[in-house]
file protein.txt (compact mmCIF, C-alpha atoms)
# COMPACT_ATOMS: atom_id res chain seq x y z
CA MET E 1 87.89 76.84 103.97
CA ILE E 2 88.21 73.91 106.40
CA PHE E 3 86.94 70.60 105.04
CA ASP E 4 88.55 68.02 107.33
CA GLY E 5 88.18 67.37 111.01
CA ARG E 6 91.86 67.06 111.87
CA LYS E 7 92.96 68.82 115.01
CA ARG E 8 94.35 72.24 114.14
CA GLN E 9 97.29 73.73 115.96
CA GLY E 10 96.26 76.28 118.52
CA ARG E 11 92.57 75.37 118.40
CA PRO E 12 90.69 76.96 121.34
CA LYS E 13 89.23 74.45 123.75
CA HIS E 14 85.72 75.77 123.23
CA GLU E 15 85.88 75.37 119.45
CA PRO E 16 84.32 72.05 118.34
CA ALA E 17 85.91 69.91 115.64
CA ARG E 18 84.41 70.11 112.18
CA GLN E 19 82.78 67.04 110.62
CA THR E 20 85.14 65.23 108.28
CA VAL E 21 84.31 65.14 104.56
CA PRO E 22 85.50 61.91 102.86
CA TYR E 23 88.74 62.45 100.96
CA ALA E 24 87.37 60.84 97.79
CA ARG E 25 84.51 63.31 97.77
CA LEU E 26 86.97 66.16 98.34
CA GLN E 27 88.96 65.01 95.32
CA ASN E 28 85.83 65.09 93.18
CA ILE E 29 84.92 68.58 94.41
CA PHE E 30 88.39 69.99 93.82
CA SER E 31 88.76 68.21 90.48
CA SER E 32 85.56 69.89 89.31
CA TRP E 33 87.20 73.19 90.21
CA GLY E 34 90.24 72.34 88.06
CA GLY E 35 92.76 71.20 90.67
CA GLY E 36 93.62 68.95 93.55
CA ARG E 37 93.03 69.43 97.24
CA ASP E 38 96.19 71.48 97.80
CA ARG E 39 96.18 73.18 94.42
CA PRO E 40 94.98 76.80 94.49
CA ILE E 41 92.02 77.80 92.36
CA ILE E 42 91.28 81.16 90.78
CA LYS E 43 88.16 83.00 89.67
CA ALA E 44 87.30 82.56 85.99
CA THR E 45 87.24 85.28 83.29
CA PRO E 46 89.24 87.91 85.18
CA SER E 47 90.37 89.70 82.01
CA ASN E 48 86.83 90.12 80.68
CA LEU E 49 85.61 91.47 84.00
CA ARG E 50 88.32 94.13 83.99
CA ARG E 51 87.55 95.14 80.41
CA PHE E 52 83.83 95.30 81.08
CA SER E 53 84.46 97.48 84.14
CA ARG E 54 85.84 100.15 81.81
CA THR E 55 82.68 100.48 79.72
CA VAL E 56 80.45 103.54 80.02
CA TYR E 57 77.62 102.39 82.27
CA ALA E 58 79.72 100.05 84.39
CA ARG E 59 82.18 102.86 85.07
CA ARG E 60 79.33 105.20 85.91
CA ALA E 61 77.99 102.78 88.53
CA LEU E 62 81.45 102.14 89.95
CA ARG E 63 82.15 105.86 90.29
CA ILE E 64 78.88 106.49 92.13
CA ILE E 65 79.50 103.67 94.62
CA LYS E 66 83.20 104.41 95.12
CA ASP E 67 82.87 108.17 95.51
CA SER E 68 79.93 107.83 97.89
CA ILE E 69 82.08 105.76 100.26
CA ALA E 70 85.67 106.92 99.74
CA THR E 71 84.92 110.65 100.03
CA LYS E 72 83.48 110.20 103.53
CA ALA E 73 85.63 110.72 106.61
CA PHE E 74 86.45 107.80 108.88
CA VAL E 75 86.75 107.64 112.63
CA VAL E 76 88.37 105.14 114.99
CA ARG E 77 86.34 104.95 118.19
CA PRO E 78 85.65 102.69 121.16
CA LYS E 79 83.01 100.02 120.74
CA ASP E 80 79.62 100.48 122.36
CA GLY E 81 79.82 100.35 126.13
CA VAL E 82 83.60 100.84 126.30
CA GLU E 83 84.90 103.83 128.22
CA VAL E 84 87.89 105.75 126.91
CA ASN E 85 91.09 105.52 128.95
CA PRO E 86 94.69 106.55 128.19
CA GLU E 87 95.62 103.13 126.78
CA LEU E 88 92.51 103.04 124.61
CA GLN E 89 93.19 106.56 123.36
CA ARG E 90 96.74 105.49 122.42
CA GLN E 91 95.32 102.62 120.37
CA ILE E 92 92.81 104.94 118.69
CA ASP E 93 95.53 107.44 117.73
CA LEU E 94 97.79 104.68 116.44
CA VAL E 95 95.15 103.03 114.24
CA THR E 96 93.94 106.41 112.99
CA SER E 97 97.42 107.36 111.79
CA CYS E 98 97.88 103.95 110.12
CA PHE E 99 94.57 104.17 108.25
CA ALA E 100 95.16 107.79 107.26
CA ARG E 101 98.33 106.71 105.45
CA PRO E 102 98.22 102.94 104.95
CA ASN E 103 101.42 102.90 102.86
CA ASN E 104 103.80 105.29 101.14
CA ASP E 105 101.58 105.64 98.06
CA ASP E 106 97.98 105.49 99.29
CA SER E 107 95.67 107.47 101.53
CA TRP E 108 92.44 106.32 103.14
CA ARG E 109 90.49 107.42 100.07
CA SER E 110 92.65 105.68 97.48
CA LEU E 111 92.75 102.52 99.60
CA VAL E 112 88.96 102.38 99.97
CA GLU E 113 88.42 103.22 96.28
CA GLN E 114 90.48 100.24 95.14
CA LEU E 115 88.84 97.88 97.61
CA VAL E 116 85.31 98.96 96.66
CA GLU E 117 86.00 98.65 92.92
CA ASP E 118 87.33 95.12 93.32
CA ILE E 119 84.34 94.19 95.48
CA CYS E 120 82.00 95.35 92.71
CA VAL E 121 84.02 93.89 89.84
CA ALA E 122 85.72 90.80 91.25
CA GLY E 123 83.33 90.00 94.08
CA ALA E 124 86.12 90.45 96.62
CA GLY E 125 88.55 93.05 97.89
CA ALA E 126 92.09 91.92 98.75
CA LEU E 127 94.27 93.75 101.24
CA GLU E 128 97.80 92.69 102.20
CA GLN E 129 98.83 93.60 105.73
CA GLN E 130 102.17 93.51 107.51
CA VAL E 131 103.42 94.72 110.89
CA GLY E 132 106.63 96.78 110.90
CA GLY E 133 109.18 97.51 113.58
CA ASP E 134 108.10 101.09 114.31
CA LYS E 135 105.88 101.04 117.40
CA MET E 136 104.42 104.43 116.47
CA ARG E 137 103.60 103.19 112.95
CA PRO E 138 103.30 99.39 113.16
CA LEU E 139 100.65 98.58 110.55
CA TRP E 140 101.14 98.68 106.76
CA LEU E 141 98.37 97.96 104.26
CA TRP E 142 98.54 97.47 100.49
CA PRO E 143 95.56 96.90 98.16
CA VAL E 144 95.96 93.83 95.93
CA ASP E 145 94.23 92.90 92.67
CA ALA E 146 91.63 90.43 93.92
CA LEU E 147 91.43 88.67 90.54
CA THR E 148 95.07 87.58 90.90
CA ILE E 149 94.34 85.84 94.22
CA GLN E 150 94.11 82.06 94.21
CA ILE E 151 92.53 80.26 97.16
CA VAL E 152 93.83 76.98 98.54
CA PRO E 153 90.58 75.03 99.15
CA GLY E 154 92.24 72.43 101.39
CA TRP E 155 93.62 74.93 103.90
CA ASP E 156 93.14 73.36 107.34
CA GLY E 157 93.36 76.52 109.43
CA GLU E 158 97.01 76.28 110.46
CA ALA E 159 98.50 79.75 110.74
CA ALA E 160 101.88 78.73 109.29
CA LYS E 161 100.43 77.33 106.06
CA ALA E 162 99.55 79.36 102.99
CA ARG E 163 95.87 80.00 102.43
CA TYR E 164 96.25 82.21 99.33
CA TRP E 165 98.50 82.55 96.30
CA GLN E 166 98.93 85.72 94.29
CA THR E 167 99.56 84.94 90.64
CA LEU E 168 101.73 86.88 88.24
CA GLY E 169 98.91 88.40 86.20
CA TYR E 170 95.90 86.54 84.79
CA GLY E 171 97.72 84.12 82.53
CA ASN E 172 98.84 81.36 84.91
CA VAL E 173 95.38 80.29 86.04
CA GLY E 174 95.33 77.38 88.47
CA THR E 175 99.11 77.13 88.85
CA GLN E 176 101.35 77.81 91.82
CA GLN E 177 103.31 80.57 90.12
CA GLY E 178 103.43 83.57 92.37
CA ARG E 179 103.68 84.30 96.05
CA ALA E 180 102.20 82.31 98.90
CA LEU E 181 100.31 84.32 101.54
CA ARG E 182 99.23 83.22 104.98
CA ASN E 183 95.81 83.98 106.36
CA ASP E 184 97.17 86.76 108.59
CA GLU E 185 98.97 88.36 105.64
CA LEU E 186 95.96 88.85 103.36
CA VAL E 187 92.45 90.10 104.08
CA TYR E 188 90.03 88.66 101.49
CA MET E 189 86.73 90.59 101.65
CA ARG E 190 84.03 88.49 99.99
CA SER E 191 80.95 90.15 98.55
CA ASP E 192 77.65 88.26 98.43
CA PRO E 193 79.24 85.02 99.73
CA SER E 194 77.70 81.59 99.31
CA THR E 195 78.58 78.05 100.34
CA ASP E 196 79.14 76.69 96.82
CA THR E 197 82.34 78.66 96.14
CA PRO E 198 85.15 80.23 98.17
CA PHE E 199 84.93 83.32 95.98
CA GLY E 200 82.54 86.23 96.28
CA LEU E 201 80.11 87.49 93.66
CA GLY E 202 80.34 91.02 92.31
CA TRP E 203 77.46 92.79 90.62
CA LEU E 204 79.53 93.26 87.45
CA GLU E 205 79.76 89.48 87.16
CA VAL E 206 75.98 89.28 87.47
CA ALA E 207 75.64 91.83 84.67
CA PHE E 208 78.29 90.13 82.52
CA ASN E 209 75.95 88.92 79.78
CA THR E 210 73.93 92.14 79.90
CA ILE E 211 77.01 94.30 79.34
CA ASN E 212 78.10 91.99 76.53
CA ARG E 213 74.73 92.44 74.79
CA GLN E 214 74.79 96.17 75.47
CA LEU E 215 78.17 96.52 73.76
CA ALA E 216 76.98 94.47 70.76
CA THR E 217 73.80 96.54 70.47
CA ALA E 218 75.75 99.79 70.72
CA GLU E 219 78.12 98.63 67.97
CA PHE E 220 75.22 97.63 65.71
CA ALA E 221 73.40 100.94 66.29
CA GLY E 222 76.62 102.82 65.59
CA ASN E 223 77.11 101.02 62.30
CA VAL E 224 73.51 101.67 61.30
CA ALA E 225 73.75 105.36 62.16
CA GLY E 226 77.24 105.81 60.73
CA ASN E 227 76.79 104.02 57.43
CA ALA E 228 74.37 105.08 54.65
CA THR E 229 72.86 101.64 54.13
CA PRO E 230 69.88 101.49 51.72
CA ALA E 231 66.46 100.90 53.17
CA ASN E 232 64.92 99.24 50.08
CA LEU E 233 65.80 96.63 47.50
CA LEU E 234 64.41 96.35 43.98
CA PHE E 235 63.01 92.86 43.57
CA PHE E 236 62.39 91.29 40.14
CA LYS E 237 60.00 88.49 39.45
CA GLY E 238 61.48 85.41 37.79
CA ALA E 239 65.13 86.29 38.44
CA SER E 240 67.64 83.63 37.41
CA ALA E 241 70.44 82.16 39.54
CA GLU E 242 72.88 84.44 37.77
CA ASP E 243 70.78 87.46 38.74
CA ILE E 244 70.65 86.27 42.37
CA GLN E 245 74.44 85.87 42.46
CA THR E 246 74.77 89.34 41.02
CA VAL E 247 72.60 90.67 43.86
CA ARG E 248 74.72 88.85 46.42
CA ASN E 249 77.96 90.24 45.00
CA TYR E 250 76.46 93.68 44.85
CA TRP E 251 75.33 93.41 48.49
CA THR E 252 78.82 92.46 49.60
CA ASP E 253 80.71 94.98 47.47
CA GLU E 254 78.41 97.97 47.43
CA ILE E 255 75.77 97.86 50.15
CA GLU E 256 78.04 96.69 52.99
CA GLY E 257 81.00 98.60 51.64
CA GLN E 258 80.01 101.88 50.00
CA GLY E 259 76.30 102.01 50.78
CA LYS E 260 75.13 102.67 47.20
CA PHE E 261 71.48 102.24 46.32
CA PRO E 262 70.85 98.89 44.52
CA ILE E 263 69.35 99.20 41.02
CA PHE E 264 68.75 96.32 38.64
CA GLY E 265 67.13 96.51 35.22
CA SER E 266 64.38 94.02 34.30
CA GLU E 267 60.62 93.67 34.04
CA ASP E 268 57.93 93.49 36.72
CA MET E 269 60.01 95.08 39.46
CA LYS E 270 58.86 96.21 42.89
CA SER E 271 60.40 97.84 45.95
CA VAL E 272 61.01 95.80 49.12
CA GLN E 273 61.85 97.51 52.40
CA LEU E 274 64.95 96.02 54.01
CA HIS E 275 64.82 97.57 57.49
CA ALA E 276 63.24 100.39 59.45
CA THR E 277 64.39 103.88 58.65
CA ASP E 278 63.39 105.56 61.93
CA ASP E 279 64.77 105.26 65.48
CA LYS E 280 63.50 101.67 65.71
CA SER E 281 66.39 100.61 63.50
CA LEU E 282 68.77 101.72 66.28
CA LEU E 283 67.09 99.41 68.84
CA ILE E 284 66.84 102.28 71.30
CA LYS E 285 64.18 100.65 73.48
CA TYR E 286 66.11 97.40 73.72
CA TYR E 287 69.27 99.34 74.48
CA GLU E 288 67.47 101.15 77.30
CA LEU E 289 66.27 97.81 78.64
CA LEU E 290 69.86 96.60 78.81
CA VAL E 291 70.89 99.75 80.67
CA ARG E 292 68.09 99.16 83.16
CA GLU E 293 69.37 95.61 83.66
CA ILE E 294 72.83 97.00 84.44
CA ALA E 295 71.24 99.40 86.91
CA ALA E 296 69.37 96.54 88.57
CA ALA E 297 72.53 94.45 88.86
CA SER E 298 74.52 97.32 90.37
CA GLY E 299 71.78 98.14 92.88
CA LEU E 300 71.42 101.73 91.66
CA SER E 301 68.43 103.59 90.26
CA PRO E 302 68.13 103.96 86.45
CA MET E 303 68.24 107.75 86.82
CA ASN E 304 71.95 107.38 87.66
CA PHE E 305 72.46 106.11 84.10
CA ALA E 306 70.86 109.12 82.36
CA ILE E 307 67.42 107.46 82.21
CA GLU E 308 65.22 110.18 83.66
CA ARG E 309 61.84 109.33 82.20
CA ASP E 310 58.94 109.47 84.66
CA VAL E 311 61.19 110.91 87.37
CA ASN E 312 60.17 113.80 89.58
CA ARG E 313 61.63 115.22 92.76
CA GLY E 314 59.77 112.80 95.01
CA THR E 315 60.74 109.64 93.15
CA ALA E 316 64.31 110.88 92.70
CA GLU E 317 64.78 111.42 96.43
CA VAL E 318 63.26 108.05 97.24
CA GLY E 319 65.48 106.35 94.67
CA GLU E 320 68.60 108.05 95.96
CA ASP E 321 67.83 107.07 99.55
CA ARG E 322 67.16 103.50 98.42
CA ASP E 323 70.52 103.39 96.63
CA TYR E 324 72.26 104.37 99.85
CA ARG E 325 70.37 101.90 102.05
CA GLN E 326 70.52 98.89 99.73
CA THR E 327 73.88 99.30 97.99
CA ILE E 328 76.29 101.89 99.35
CA ILE E 329 75.85 101.31 103.09
CA PRO E 330 76.13 97.47 102.79
CA ILE E 331 79.37 97.75 100.80
CA ALA E 332 80.80 100.27 103.28
CA SER E 333 79.86 98.08 106.23
CA LEU E 334 81.47 95.10 104.47
CA VAL E 335 84.79 96.96 104.23
CA THR E 336 84.72 98.23 107.82
CA SER E 337 83.69 94.83 109.23
CA TYR E 338 86.72 93.15 107.64
CA LEU E 339 89.01 95.95 108.78
CA ASN E 340 87.71 95.64 112.32
CA ARG E 341 87.90 91.85 112.50
CA GLU E 342 90.98 91.04 110.42
CA VAL E 343 93.15 94.15 110.83
CA ILE E 344 92.40 95.95 114.09
CA GLU E 345 91.51 92.92 116.17
CA GLY E 346 93.12 90.06 114.25
CA ARG E 347 96.46 91.65 113.36
CA LEU E 348 96.95 94.35 116.00
CA GLY E 349 95.05 92.66 118.81
CA PHE E 350 92.94 95.73 119.70
CA SER E 351 89.53 94.30 120.59
CA GLN E 352 87.84 97.35 122.11
CA ILE E 353 88.00 99.83 119.23
CA GLU E 354 86.55 99.93 115.73
CA VAL E 355 86.68 101.97 112.54
CA ALA E 356 83.54 103.50 111.08
CA ILE E 357 82.73 105.65 108.04
CA LEU E 358 80.86 108.83 108.87
CA GLY E 359 78.05 110.47 106.91
CA LEU E 360 76.64 107.38 105.19
CA ASP E 361 73.21 107.59 106.77
CA ARG E 362 71.07 109.76 104.51
CA GLU E 363 68.37 110.58 107.01
CA ASP E 364 65.71 113.25 107.16
CA GLU E 365 67.43 115.88 109.28
CA LEU E 366 64.17 117.52 110.33
CA ALA E 367 62.65 114.21 111.42
CA THR E 368 65.88 113.22 113.16
CA SER E 369 66.02 116.51 115.05
CA LYS E 370 62.46 115.93 116.31
CA VAL E 371 63.36 112.44 117.47
CA LEU E 372 66.46 113.71 119.27
CA GLN E 373 64.42 116.52 120.83
CA ASN E 374 61.86 114.01 122.13
CA ARG E 375 64.59 111.79 123.53
CA TRP E 376 66.22 114.81 125.17
CA SER E 377 62.88 115.80 126.68
CA THR E 378 62.33 112.30 128.08
CA ASN E 379 65.84 112.20 129.64
CA SER E 380 66.95 109.23 127.50
CA ILE E 381 69.96 110.91 125.87
CA THR E 382 72.65 113.44 126.77
CA ALA E 383 74.15 116.29 124.76
CA ASP E 384 77.43 114.39 124.29
CA GLU E 385 75.54 111.40 122.90
CA ILE E 386 73.82 113.66 120.40
CA ARG E 387 77.14 115.20 119.37
CA SER E 388 78.71 111.74 118.91
CA ARG E 389 76.06 110.92 116.28
CA TYR E 390 77.56 113.62 114.09
CA GLY E 391 81.20 112.79 114.85
CA GLU E 392 81.69 115.78 117.14
CA ALA E 393 83.85 115.78 120.24
CA PRO E 394 82.22 115.84 123.70
CA MET E 395 81.59 119.18 125.38
CA GLU E 396 84.35 120.48 127.61
CA SER E 397 81.93 121.28 130.44
CA VAL E 398 79.99 118.88 132.66
CA TRP E 399 76.72 119.85 130.97
CA GLY E 400 77.38 117.44 128.10
CA LYS E 401 77.08 114.41 130.39
CA MET E 402 73.77 115.52 131.93
CA THR E 403 70.24 114.64 130.88
CA LYS E 404 67.59 117.32 130.61
CA ALA E 405 66.32 116.52 134.12
CA ASP E 406 69.82 116.99 135.54
CA VAL E 407 70.17 120.32 133.73
CA ASP E 408 66.75 121.53 134.96
CA ILE E 409 67.60 120.57 138.54
CA ALA E 410 70.92 122.42 138.35
CA ILE E 411 69.27 125.54 136.92
CA ALA E 412 66.50 125.47 139.53
CA ALA E 413 69.03 125.08 142.31
CA ALA E 414 71.01 128.04 141.02
CA ARG E 415 67.90 130.21 140.85
CA GLY E 416 66.77 129.25 144.35
CA ALA E 417 70.12 129.84 146.05
CA LYS E 418 69.64 132.62 148.68
CA GLN E 419 73.11 132.61 150.21
CA VAL E 420 75.70 134.78 148.49
CA ASP E 421 79.19 133.38 148.48
CA ASP E 422 80.95 136.64 147.57
CA PRO E 423 82.77 137.86 150.78
CA ASP E 424 82.87 141.46 149.57
CA LEU E 425 79.08 141.62 149.41
CA LYS E 426 78.74 140.00 152.82
CA SER E 427 81.15 142.34 154.65
CA ASP E 428 79.64 145.67 153.61
CA PRO E 429 75.91 145.40 153.16
CA VAL E 430 74.06 148.42 151.83
CA PRO E 431 71.83 149.99 154.57
CA VAL E 432 68.14 150.17 153.86
CA SER E 433 65.96 152.96 155.31
CA PRO E 434 62.76 152.13 157.26
CA ALA E 435 60.71 153.89 154.60
CA LYS E 436 62.09 151.70 151.86
CA LYS E 437 61.50 148.66 154.02
CA GLY E 438 57.85 149.69 154.30
CA ASN E 439 57.60 150.14 150.58
CA ARG E 440 59.01 146.66 150.05
CA LYS E 441 56.31 145.24 152.25
call {"tool": "encode", "arguments": {"input": "protein.txt", "output": "C-alpha cells"}}
result
Amino acid sequence: MIFDGRKRQGRPKHEPARQTVPYARLQNIFSSWGGGRDRPIIKATPSNLRRFSRTVYARRALRIIKDSIATKAFVVRPKDGVEVNPELQRQIDLVTSCFARPNNDDSWRSLVEQLVEDICVAGAGALEQQVGGDKMRPLWLWPVDALTIQIVPGWDGEAAKARYWQTLGYGNVGTQQGRALRNDELVYMRSDPSTDTPFGLGWLEVAFNTINRQLATAEFAGNVAGNATPANLLFFKGASAEDIQTVRNYWTDEIEGQGKFPIFGSEDMKSVQLHATDDKSLLIKYYELLVREIAAASGLSPMNFAIERDVNRGTAEVGEDRDYRQTIIPIASLVTSYLNREVIEGRLGFSQIEVAILGLDREDELATSKVLQNRWSTNSITADEIRSRYGEAPMESVWGKMTKADVDIAIAAARGAKQVDDPDLKSDPVPVSPAKKGNRK
C-alpha cells in the first residue's frame, strides 16, 4: 500500500506520483488498525478461522475446491500472439521444471492445495520465493501460512524496504517479532480485495458466525438425542417456595444429570410438556438452514453438503457447472494470475510466457465439437489451434497449420495432377493396342 506521494526509487518516468494523504490522517487510520504508520498489522481471529476450517461442512467445501484445482495438470505456454523460438522454449522448460517441484518437499499439487486453502480460509495465499544459484533450477517456492503474515501499511514502494513480516505463530499480534520480507520475496494473493483493508476476504470468514451457530446447534441436538431428558413436568397448584426450590434442586441434580422422570406428590396436579419429543426438538430444519448458509458463503451448491432434496439430474448438472464457473475457475485464475505477474514476470523476468491450469472449463463437449466444426468449415481455425485447446502438441506434418480451404486446395491439386514424377514409369510405358484405344474412346 502506498499512501504518500514521495518519490520512490526507481520509479518509471511514465508512472505518475500518487496524491499525498495528510500524515495526521494516516496516523488516525493506522491507530484504528492497532499500530503506527510503520508498524505491521495482522488479520484478526486467525486461530478461530483455522479451527473452524476443520469442521465437517467447512472441510467438505475446502476439499471440493482444492481437489478440483490441484488435481488438474498445468502447462507453461507462450502468451497469445507470441511465436515459440528456442529461447522461449528454454524459458518454458525452465519454469515448468520449477513449478513441477517448487521445493524439496512439495509438488505442484501440494503447493496449489495449500495456497487454495489459505485463500478460502484466510482470504489470502502467501508464497515465499527466492532465486538460487543453479541456472537450470533458479526458482524456489515455499507456501507460507497467510495468517502469520503482517502487512506494513506505510510501505512506500521501495524495493529494499520490508513490506511484510511473518510472525512466530498467532500469539504476537501486531508486533515486529518474526522475519521481515521484501515485496519481491513474498507473493501475497488477496481474495475478494477491497479498498478498506490491505487483507483479503475468505469465504470462511464470511461464514464465521454461521459456522459458530451450526456448531452450537449440533452440540445442542447431540445433547438432546444423547440424554434421556423428560418431556413433561408434573405441576401442582398452590406450591410453596419450599416446593419450588425442591423442583429446582431436582432439575439440577436429576433431570440435567441422570434424566429421571420428575414426580412430586400433592393435590390438583397436572402434566406440563417441557419440549417437543419429535424431530423438531433436534432443530433439524434450522440446522439445514445453517448448512445452506455455509454453502452460499463457499459458493458451492447445497447438494455438495449432503442436501439432496428437490435435486434431479438436470438441476444437479446445472449446479455443478455453476460451481465451476462462479467459484472454482475464479480461484484458479487468481492463483495463476499472481504466479504469472509476481513469479514468472516479476521475479524471473520472463514476460512472454504464462502458466495455466488445464481442464477447468466444464463445457458441453457435443456443443463445443459443433462449434469447432463450424469454425473449421468457415476457415477460421486450424487443426493445431483445435489441438491446443485440449493441451495437445501440434501435428508433426504441415497439415496442422492449414485451414480447411488450404487442405481442400491441396487435395484437389493432388487429384488433378496429370504428370507422373516416377522415372521408372516414364521410361517404360506399357504399349496399348489400337483395339483397346478404340474401346477407350
call {"tool": "residues_around", "arguments": {"input": "protein.txt", "residues": "range 326-331 of chain E", "least_positions_apart": "3", "cutoff": "12 Å", "atoms": "all atoms listed in the file", "output": "mmCIF file with C-alpha atoms, in the coordinates of the input"}}
result
data_model
loop_
_atom_site.group_PDB
_atom_site.id
_atom_site.type_symbol
_atom_site.label_atom_id
_atom_site.label_comp_id
_atom_site.auth_asym_id
_atom_site.auth_seq_id
_atom_site.Cartn_x
_atom_site.Cartn_y
_atom_site.Cartn_z
ATOM 1 C CA ALA E 61 77.990 102.780 88.530
ATOM 2 C CA LEU E 62 81.450 102.140 89.950
ATOM 3 C CA ARG E 63 82.150 105.860 90.290
ATOM 4 C CA ILE E 64 78.880 106.490 92.130
ATOM 5 C CA ILE E 65 79.500 103.670 94.620
ATOM 6 C CA LYS E 66 83.200 104.410 95.120
ATOM 7 C CA ASP E 67 82.870 108.170 95.510
ATOM 8 C CA SER E 68 79.930 107.830 97.890
ATOM 9 C CA ILE E 69 82.080 105.760 100.260
ATOM 10 C CA ALA E 70 85.670 106.920 99.740
ATOM 11 C CA LYS E 72 83.480 110.200 103.530
ATOM 12 C CA VAL E 112 88.960 102.380 99.970
ATOM 13 C CA GLU E 113 88.420 103.220 96.280
ATOM 14 C CA LEU E 115 88.840 97.880 97.610
ATOM 15 C CA VAL E 116 85.310 98.960 96.660
ATOM 16 C CA GLU E 117 86.000 98.650 92.920
ATOM 17 C CA ASP E 118 87.330 95.120 93.320
ATOM 18 C CA ILE E 119 84.340 94.190 95.480
ATOM 19 C CA CYS E 120 82.000 95.350 92.710
ATOM 20 C CA GLY E 123 83.330 90.000 94.080
ATOM 21 C CA ALA E 124 86.120 90.450 96.620
ATOM 22 C CA GLY E 125 88.550 93.050 97.890
ATOM 23 C CA MET E 189 86.730 90.590 101.650
ATOM 24 C CA ARG E 190 84.030 88.490 99.990
ATOM 25 C CA SER E 191 80.950 90.150 98.550
ATOM 26 C CA ASP E 192 77.650 88.260 98.430
ATOM 27 C CA GLY E 202 80.340 91.020 92.310
ATOM 28 C CA TRP E 203 77.460 92.790 90.620
ATOM 29 C CA ALA E 295 71.240 99.400 86.910
ATOM 30 C CA ALA E 296 69.370 96.540 88.570
ATOM 31 C CA ALA E 297 72.530 94.450 88.860
ATOM 32 C CA SER E 298 74.520 97.320 90.370
ATOM 33 C CA GLY E 299 71.780 98.140 92.880
ATOM 34 C CA LEU E 300 71.420 101.730 91.660
ATOM 35 C CA SER E 301 68.430 103.590 90.260
ATOM 36 C CA VAL E 318 63.260 108.050 97.240
ATOM 37 C CA GLY E 319 65.480 106.350 94.670
ATOM 38 C CA GLU E 320 68.600 108.050 95.960
ATOM 39 C CA ASP E 321 67.830 107.070 99.550
ATOM 40 C CA ARG E 322 67.160 103.500 98.420
ATOM 41 C CA ASP E 323 70.520 103.390 96.630
ATOM 42 C CA LEU E 334 81.470 95.100 104.470
ATOM 43 C CA VAL E 335 84.790 96.960 104.230
ATOM 44 C CA THR E 336 84.720 98.230 107.820
ATOM 45 C CA SER E 337 83.690 94.830 109.230
ATOM 46 C CA TYR E 338 86.720 93.150 107.640
ATOM 47 C CA ALA E 356 83.540 103.500 111.080
ATOM 48 C CA ILE E 357 82.730 105.650 108.040
ATOM 49 C CA LEU E 358 80.860 108.830 108.870
ATOM 50 C CA GLY E 359 78.050 110.470 106.910
ATOM 51 C CA LEU E 360 76.640 107.380 105.190
ATOM 52 C CA ASP E 361 73.210 107.590 106.770
ATOM 53 C CA ARG E 362 71.070 109.760 104.510
#
call {"tool": "closest_residue", "arguments": {"input": "protein.txt", "among": "E:Arg347, E:Arg325, E:Arg54, E:Lys161", "to": "Trp140 in chain E", "atoms": "only C-alpha atoms"}}
result
E:Arg347
call {"tool": "axis_aligned_box", "arguments": {"input": "protein.txt", "around": "range 392-399 of chain E", "padding_each_side": "8 Å", "output": "JSON"}}
result
{"center_x": 80.5, "center_y": 118.5, "center_z": 124.9, "size_x": 23.6, "size_y": 21.5, "size_z": 31.5}
call {"tool": "atom_distance", "arguments": {"input": "protein.txt", "atom1": "CA of Met395 in chain E", "atom2": "CA of Glu83 in chain E"}}
result
16.0 Å
call {"tool": "closest_residue", "arguments": {"input": "protein.txt", "among": "E:Phe52, E:Phe99, E:Tyr57, E:Trp155", "to": "Asn340 in chain E", "atoms": "all atoms listed in the file"}}
result
E:Phe99
call {"tool": "atom_distance", "arguments": {"input": "protein.txt", "atom1": "CA of Gly178 in chain E", "atom2": "CA of Trp165 in chain E"}}
result
6.4 Å
call {"tool": "residues_around", "arguments": {"input": "protein.txt", "residues": "Thr378 in chain E", "least_positions_apart": "2", "cutoff": "9 Å", "atoms": "only C-alpha atoms", "output": "short mmCIF file (atom, residue, chain, number, x, y, z; two decimals) with C-alpha atoms, in the frame of the given file"}}
result
data_model
loop_
_atom_site.label_atom_id
_atom_site.label_comp_id
_atom_site.auth_asym_id
_atom_site.auth_seq_id
_atom_site.Cartn_x
_atom_site.Cartn_y
_atom_site.Cartn_z
CA GLN E 373 64.42 116.52 120.83
CA ASN E 374 61.86 114.01 122.13
CA ARG E 375 64.59 111.79 123.53
CA TRP E 376 66.22 114.81 125.17
CA SER E 380 66.95 109.23 127.50
CA ILE E 381 69.96 110.91 125.87
CA THR E 403 70.24 114.64 130.88
CA LYS E 404 67.59 117.32 130.61
CA ALA E 405 66.32 116.52 134.12
#
